[in-house]
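Enquirer: Quick one, query_5.cif (mmCIF, C-alpha atoms):
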```cif
data_run
#
loop_
_atom_site.label_atom_id
_atom_site.label_comp_id
_atom_site.auth_asym_id
_atom_site.auth_seq_id
_atom_site.Cartn_x
_atom_site.Cartn_y
_atom_site.Cartn_z
CA MET F 73 187.33 184.71 -26.35
CA THR F 74 189.36 181.76 -25.10
CA MET F 75 190.18 179.32 -27.87
CA PRO F 76 189.62 175.59 -27.39
CA PRO F 77 192.66 173.38 -26.85
CA GLU F 78 194.19 172.14 -30.11
CA THR F 79 194.10 168.56 -28.89
CA THR F 80 190.33 168.59 -28.45
CA ASP F 81 188.12 166.44 -30.66
CA SER F 82 187.28 168.62 -33.66
CA ALA F 83 183.68 167.34 -33.68
CA TYR F 84 182.83 169.68 -30.80
CA GLN F 85 184.57 172.84 -32.02
CA GLY F 86 181.22 174.23 -33.18
CA VAL F 87 179.66 173.58 -29.79
CA TYR F 88 182.56 175.33 -28.07
CA HIS F 89 182.45 178.31 -30.41
CA GLU F 90 178.71 178.95 -30.19
CA PHE F 91 178.51 178.18 -26.47
CA TYR F 92 181.09 180.72 -25.36
CA ARG F 93 179.96 183.47 -27.72
CA THR F 94 176.44 183.40 -26.23
CA ILE F 95 175.72 186.44 -24.08
CA ARG F 96 174.68 185.41 -20.56
CA ALA F 97 171.66 187.71 -20.33
CA GLY F 98 170.08 185.40 -17.75
CA ALA F 99 172.63 186.63 -15.23
CA ALA F 100 170.15 189.40 -14.46
CA GLY F 101 167.86 186.98 -12.63
CA LEU F 102 169.23 183.44 -12.45
CA SER F 103 171.24 181.99 -9.58
CA ASP F 104 173.57 180.19 -11.99
CA GLY F 105 174.51 183.40 -13.76
CA GLY F 106 172.72 182.49 -16.98
CA GLY F 107 174.17 181.06 -20.14
CA PRO F 108 173.10 178.15 -22.37
CA PHE F 109 172.24 175.03 -20.38
CA GLY F 110 173.02 176.91 -17.16
CA PHE F 111 176.55 177.65 -18.48
CA ASP F 112 177.45 173.95 -18.33
CA ILE F 113 179.23 173.01 -21.53
CA THR F 114 179.20 169.33 -20.62
CA ALA F 115 175.40 169.42 -20.88
CA ALA F 116 175.71 171.10 -24.29
CA ILE F 117 178.10 168.35 -25.43
CA ALA F 118 175.82 165.53 -24.23
CA PHE F 119 172.87 167.28 -25.89
CA ASP F 120 174.89 167.56 -29.10
CA ASP F 121 175.65 163.83 -28.95
CA VAL F 122 171.92 163.14 -28.89
CA VAL F 123 171.26 165.56 -31.77
CA ARG F 124 173.90 163.87 -33.93
CA ALA F 125 172.75 160.33 -33.14
CA TYR F 126 168.98 160.81 -33.05
CA GLN F 127 168.72 163.29 -35.95
CA PRO F 128 165.65 165.12 -34.61
CA ASP F 129 163.47 167.11 -36.95
CA ALA F 130 163.04 169.95 -34.42
CA LEU F 131 164.37 171.32 -31.14
CA VAL F 132 161.68 172.49 -28.72
CA GLU F 133 162.54 174.46 -25.58
CA THR F 134 160.13 175.55 -22.87
CA GLY F 135 160.87 178.39 -20.47
CA CYS F 136 163.25 180.52 -22.55
CA TYR F 137 163.54 183.32 -19.95
CA PHE F 138 166.00 185.83 -21.53
CA GLY F 139 166.91 183.50 -24.39
CA ASP F 140 170.43 182.29 -23.57
CA THR F 141 169.80 178.66 -24.52
CA THR F 142 167.53 179.65 -27.41
CA SER F 143 170.21 181.92 -28.82
CA TYR F 144 172.77 179.13 -28.60
CA LEU F 145 170.50 176.54 -30.22
CA SER F 146 169.59 178.88 -33.06
CA ARG F 147 173.27 179.23 -34.05
CA ALA F 148 174.50 175.73 -33.20
CA TYR F 149 171.74 174.04 -35.25
CA PRO F 150 170.78 176.45 -38.06
CA SER F 151 169.29 173.67 -40.21
CA LEU F 152 166.76 172.63 -37.54
CA PRO F 153 163.53 174.37 -36.54
CA VAL F 154 163.99 175.76 -33.01
CA TRP F 155 160.81 176.44 -31.07
CA SER F 156 160.84 178.16 -27.71
CA CYS F 157 158.31 179.75 -25.40
CA ASP F 158 157.77 181.56 -22.17
CA ILE F 159 154.57 182.33 -20.33
CA ASP F 160 155.94 185.82 -19.62
CA PRO F 161 155.37 187.95 -22.76
CA ALA F 162 158.34 190.20 -21.91
CA CYS F 163 160.72 187.23 -21.79
CA ALA F 164 159.35 185.87 -25.05
CA ALA F 165 159.71 189.30 -26.70
CA LEU F 166 163.32 189.66 -25.57
CA THR F 167 164.20 186.16 -26.80
CA ARG F 168 162.45 186.85 -30.10
CA GLN F 169 164.52 190.02 -30.47
CA ARG F 170 167.77 188.18 -29.68
CA THR F 171 167.09 185.51 -32.32
CA ALA F 172 165.48 187.73 -34.97
CA ALA F 173 168.33 187.16 -37.41
CA HIS F 174 167.75 183.39 -37.40
CA ALA F 175 164.91 182.22 -39.63
CA ASN F 176 164.83 178.77 -38.00
CA VAL F 177 163.57 180.16 -34.65
CA SER F 178 159.99 180.62 -33.46
CA VAL F 179 159.40 182.12 -30.01
CA LEU F 180 155.91 182.03 -28.53
CA ALA F 181 154.42 183.80 -25.53
CA ASP F 182 152.31 180.86 -24.48
CA ASP F 183 151.68 178.16 -21.91
CA SER F 184 154.40 175.52 -22.28
CA PRO F 185 152.17 172.38 -22.35
CA ALA F 186 150.23 173.91 -25.24
CA VAL F 187 153.47 174.53 -27.14
CA VAL F 188 154.67 170.97 -26.49
CA GLN F 189 151.34 169.62 -27.70
CA ARG F 190 151.58 171.69 -30.87
CA ALA F 191 155.15 170.57 -31.52
CA ALA F 192 154.27 166.92 -30.87
CA ALA F 193 151.54 167.12 -33.50
CA ARG F 194 153.77 168.78 -36.08
CA PHE F 195 157.11 166.99 -35.75
CA GLU F 196 157.91 163.26 -35.89
CA ARG F 197 161.25 163.18 -34.01
CA PRO F 198 161.42 166.25 -31.78
CA LEU F 199 164.07 166.77 -29.12
CA PHE F 200 162.61 168.70 -26.19
CA TYR F 201 164.43 170.76 -23.58
CA LEU F 202 161.98 171.37 -20.72
CA ASP F 203 162.97 174.26 -18.46
CA ALA F 204 159.64 175.96 -17.74
CA HIS F 205 159.61 175.01 -14.06
CA GLY F 206 161.25 177.99 -12.44
CA LYS F 207 158.36 179.60 -10.57
CA ALA F 208 155.40 178.58 -8.46
CA ALA F 209 153.66 176.80 -11.34
CA TRP F 210 155.20 173.49 -12.34
CA PRO F 211 153.96 172.41 -15.80
CA LEU F 212 156.31 169.42 -16.18
CA ALA F 213 153.63 166.74 -15.81
CA GLN F 214 151.42 168.39 -18.42
CA GLU F 215 154.38 168.85 -20.75
CA LEU F 216 155.30 165.17 -20.50
CA ALA F 217 151.69 164.16 -21.05
CA ALA F 218 151.70 166.09 -24.34
CA VAL F 219 154.75 164.28 -25.79
CA ARG F 220 154.03 161.56 -28.34
CA GLU F 221 157.45 160.56 -29.70
CA GLY F 222 160.94 161.90 -29.25
CA ILE F 223 163.47 162.56 -26.52
CA VAL F 224 162.95 164.90 -23.58
CA CYS F 225 165.78 166.60 -21.69
CA ILE F 226 164.61 167.92 -18.31
CA ASP F 227 166.55 170.70 -16.59
CA ASP F 228 166.93 171.00 -12.80
CA PHE F 229 166.61 167.23 -12.44
CA ASP F 230 167.79 165.17 -9.46
CA ILE F 231 170.64 162.98 -10.73
CA GLY F 232 171.70 161.84 -7.28
CA ASN F 233 174.91 163.88 -7.21
CA PRO F 234 175.32 166.46 -4.41
CA ARG F 235 177.15 168.88 -6.73
CA PHE F 236 174.07 169.17 -8.94
CA ALA F 237 170.98 171.10 -7.88
CA PHE F 238 167.41 170.17 -8.72
CA ASP F 239 163.95 171.64 -8.33
CA HIS F 240 161.24 170.58 -5.93
CA TYR F 241 157.70 171.86 -5.45
CA ASP F 242 155.51 171.32 -2.42
CA GLY F 243 158.00 168.72 -1.23
CA VAL F 244 157.96 166.82 -4.54
CA ARG F 245 161.31 166.36 -6.27
CA CYS F 246 161.96 166.77 -9.95
CA ASP F 247 163.29 163.26 -10.32
CA ALA F 248 162.89 159.92 -12.09
CA ALA F 249 160.07 158.74 -9.83
CA TYR F 250 158.05 161.85 -10.67
CA VAL F 251 158.64 161.35 -14.39
CA LEU F 252 157.54 157.71 -14.31
CA GLU F 253 154.35 158.61 -12.50
CA ALA F 254 153.62 161.55 -14.80
CA ALA F 255 154.36 159.78 -18.08
CA GLN F 256 152.92 156.27 -18.08
CA ARG F 257 154.38 155.44 -21.51
CA VAL F 258 157.92 155.98 -20.29
CA GLN F 259 159.81 152.83 -19.29
CA ASP F 260 163.29 154.15 -18.53
CA VAL F 261 164.83 157.40 -17.37
CA TYR F 262 168.42 158.46 -18.04
CA ARG F 263 170.62 161.28 -16.83
CA ILE F 264 173.48 163.24 -18.35
CA ASP F 265 176.48 161.71 -16.60
CA PRO F 266 178.95 164.32 -15.29
CA GLU F 267 181.55 161.68 -14.39
CA VAL F 268 182.46 160.54 -17.91
CA ASP F 269 185.06 162.20 -20.13
CA TYR F 270 184.28 165.45 -21.93
CA PRO F 271 186.44 167.34 -24.42
CA PHE F 272 186.12 170.60 -22.45
CA PRO F 273 185.95 171.30 -18.71
CA CYS F 274 182.86 172.91 -17.23
CA LEU F 275 183.65 176.48 -16.16
CA GLN F 276 180.48 176.87 -14.10
CA THR F 277 181.73 177.39 -10.53
CA GLY F 278 178.29 178.28 -9.17
CA ARG F 279 175.03 176.38 -9.34
CA ARG F 280 175.05 173.36 -11.66
CA ALA F 281 171.74 171.65 -12.38
CA GLY F 282 171.20 167.99 -13.16
CA LYS F 283 169.72 167.01 -16.50
CA GLY F 284 167.38 164.08 -17.05
CA MET F 285 166.90 162.42 -20.44
CA VAL F 286 163.61 160.65 -21.15
CA PRO F 287 162.94 158.62 -24.32
CA PHE F 288 159.46 158.28 -25.82
CA GLY F 289 159.23 155.44 -28.33
CA ALA F 290 161.40 152.49 -29.32
CA ALA F 291 163.86 154.45 -31.47
CA ALA F 292 164.43 157.03 -28.75
CA GLU F 293 164.85 154.32 -26.11
CA GLU F 294 167.43 152.47 -28.19
CA LEU F 295 169.34 155.71 -28.79
CA CYS F 296 169.47 156.71 -25.10
CA ALA F 297 170.58 153.22 -24.06
CA THR F 298 173.64 153.44 -26.29
CA GLN F 299 174.81 157.00 -25.59
CA PRO F 300 178.11 156.97 -23.64
CA ARG F 301 177.39 160.25 -21.84
CA LEU F 302 173.95 159.15 -20.65
CA ALA F 303 173.63 156.95 -17.57
CA HIS F 304 170.58 154.84 -16.79
CA GLN F 305 168.78 156.35 -13.81
CA THR F 306 165.84 154.03 -13.23
CA SER F 307 163.36 151.71 -14.92
CA ARG F 308 159.64 151.31 -14.42
CA GLN F 309 160.13 147.55 -14.03
CA THR F 310 162.78 147.83 -11.32
CA LYS F 311 161.16 150.82 -9.64
CA GLY F 312 157.82 149.06 -9.26
CA LEU F 313 155.79 152.24 -9.46
CA THR F 314 152.04 151.98 -9.63
CA THR F 315 150.14 153.45 -12.55
CA GLY F 316 147.39 155.13 -10.59
CA GLY F 317 147.04 157.96 -8.16
CA PHE F 318 149.12 160.61 -9.92
CA HIS F 319 147.61 164.05 -9.81
CA VAL F 320 148.53 166.35 -12.71
CA ARG F 321 148.62 169.84 -11.33
#
```
As structure tokens - that is how I would like this structure written.

Expert:
Amino acid sequence: MTMPPETTDSAYQGVYHEFYRTIRAGAAGLSDGGGPFGFDITAAIAFDDVVRAYQPDALVETGCYFGDTTSYLSRAYPSLPVWSCDIDPACAALTRQRTAAHANVSVLADDSPAVVQRAAARFERPLFYLDAHGKAAWPLAQELAAVREGIVCIDDFDIGNPRFAFDHYDGVRCDAAYVLEAAQRVQDVYRIDPEVDYPFPCLQTGRRAGKGMVPFGAAAEELCATQPRLAHQTSRQTKGLTTGGFHVR
């Protein structure tokens, strides 16, 4: 394994170590070749910044697929409960097998909005990573509707950078406008900013996906507004979106 540069900030040595020792099992079916956070270590670093600053009481992932990100989270944050799920029982079983040695992990074969709802009822400061929107069904709106408090990181999100891919369904983009219509409590939407400095370079030469960051509640909003690796994407006040007419599929 390649060792991190000696000049790198020591605060991220654990991220580097766990990130690059994670087996990229998702390469079997994902266009980005698999790996935690789509094999984008800058996303893992920005996520780690939020974990350190926000001090969540749980990490909740939806759409685990073959468990690359789940495996990473289980080792990078052993003191936190890590919940994950997949609607495909085979994917959930494989992820459960990969993380069996880690008592902090729970993997469910269940519908992702139901898992988010359960986590929202159990934890006070959860940090969500929503990645269950890879097939025909798009549960993002229902997932967001189930969140009470916390911070939500959305994968495959349009950050307005041509290097970064995003999802769209039936002509609807996975973007800030969609989030503001789906989650009426949300006032501001942020993105992980790929243009700021990071201690390690991203080695993903294939598909890179944008990541949105959405705060629910005053504490989460204040945290996101002060994170140097998060950029403000849009605000409900400046966007002028209406509150009606959104159809949750």

Enquirer: So that I can see what lies close to Cys163 in chain F, please list as a PyMOL selection string the residues with an atom at most 6 Å from it, counting all atoms listed in the file and leaving out residues fewer than 3 positions away in the same chain.

Expert: chain F and resi 137-138+160+166

Enquirer: From the list F:Val244, F:Ala164, F:Ile95, F:Ile264, which residue is nearest Met285 in chain F when using only C-alpha atoms?

Expert: F:Ile264

Enquirer: Which residues come within 10 Å of range 286-292 of chain F, counting all atoms listed in the file, excluding same-chain residues fewer than 3 positions away, as a PDB file with C-alpha atoms, in the frame of the given file?

Expert:
```pdb
ATOM      1  CA  VAL F 122     171.920 163.140 -28.890  1.00  0.00           C
ATOM      2  CA  ALA F 125     172.750 160.330 -33.140  1.00  0.00           C
ATOM      3  CA  TYR F 126     168.980 160.810 -33.050  1.00  0.00           C
ATOM      4  CA  ARG F 197     161.250 163.180 -34.010  1.00  0.00           C
ATOM      5  CA  LEU F 199     164.070 166.770 -29.120  1.00  0.00           C
ATOM      6  CA  PHE F 200     162.610 168.700 -26.190  1.00  0.00           C
ATOM      7  CA  LEU F 216     155.300 165.170 -20.500  1.00  0.00           C
ATOM      8  CA  VAL F 219     154.750 164.280 -25.790  1.00  0.00           C
ATOM      9  CA  ARG F 220     154.030 161.560 -28.340  1.00  0.00           C
ATOM     10  CA  GLU F 221     157.450 160.560 -29.700  1.00  0.00           C
ATOM     11  CA  GLY F 222     160.940 161.900 -29.250  1.00  0.00           C
ATOM     12  CA  ILE F 223     163.470 162.560 -26.520  1.00  0.00           C
ATOM     13  CA  VAL F 224     162.950 164.900 -23.580  1.00  0.00           C
ATOM     14  CA  CYS F 225     165.780 166.600 -21.690  1.00  0.00           C
ATOM     15  CA  ILE F 226     164.610 167.920 -18.310  1.00  0.00           C
ATOM     16  CA  ALA F 248     162.890 159.920 -12.090  1.00  0.00           C
ATOM     17  CA  VAL F 251     158.640 161.350 -14.390  1.00  0.00           C
ATOM     18  CA  LEU F 252     157.540 157.710 -14.310  1.00  0.00           C
ATOM     19  CA  ALA F 255     154.360 159.780 -18.080  1.00  0.00           C
ATOM     20  CA  ARG F 257     154.380 155.440 -21.510  1.00  0.00           C
ATOM     21  CA  VAL F 258     157.920 155.980 -20.290  1.00  0.00           C
ATOM     22  CA  GLN F 259     159.810 152.830 -19.290  1.00  0.00           C
ATOM     23  CA  ASP F 260     163.290 154.150 -18.530  1.00  0.00           C
ATOM     24  CA  VAL F 261     164.830 157.400 -17.370  1.00  0.00           C
ATOM     25  CA  TYR F 262     168.420 158.460 -18.040  1.00  0.00           C
ATOM     26  CA  ARG F 263     170.620 161.280 -16.830  1.00  0.00           C
ATOM     27  CA  LYS F 283     169.720 167.010 -16.500  1.00  0.00           C
ATOM     28  CA  LEU F 295     169.340 155.710 -28.790  1.00  0.00           C
ATOM     29  CA  CYS F 296     169.470 156.710 -25.100  1.00  0.00           C
ATOM     30  CA  ALA F 297     170.580 153.220 -24.060  1.00  0.00           C
ATOM     31  CA  GLN F 305     168.780 156.350 -13.810  1.00  0.00           C
TER      32      GLN F 305
END
```

Enquirer: If you count all atoms listed in the file, which residues fall within 12 Å of Asp239 in chain F, apart from same-chain ones fewer than 6 positions away, as JSON, numbers by chain?

Expert: {"F": [203, 204, 205, 206, 207, 208, 209, 210, 212, 226, 227, 228, 229, 230, 231, 245, 246, 247, 250, 280, 281, 282, 283]}

Enquirer: Evaluate the PyMOL selection byres ((chain F and resi 147) around 12) against this structure - the residues, as a VMD selection string, please.

Expert: chain F and resid 86 to 94 108 140 to 146 148 to 154 170 to 177

Enquirer: Using only C-alpha atoms, pick whichever of F:Val123, F:Ala118, F:Ala217, F:Val179 has the shortest atom-to-atom distance to Cys136 in chain F.

Expert: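 Counting only C-alpha atoms, the residue closest to Cys136 in chain F is F:Val179.
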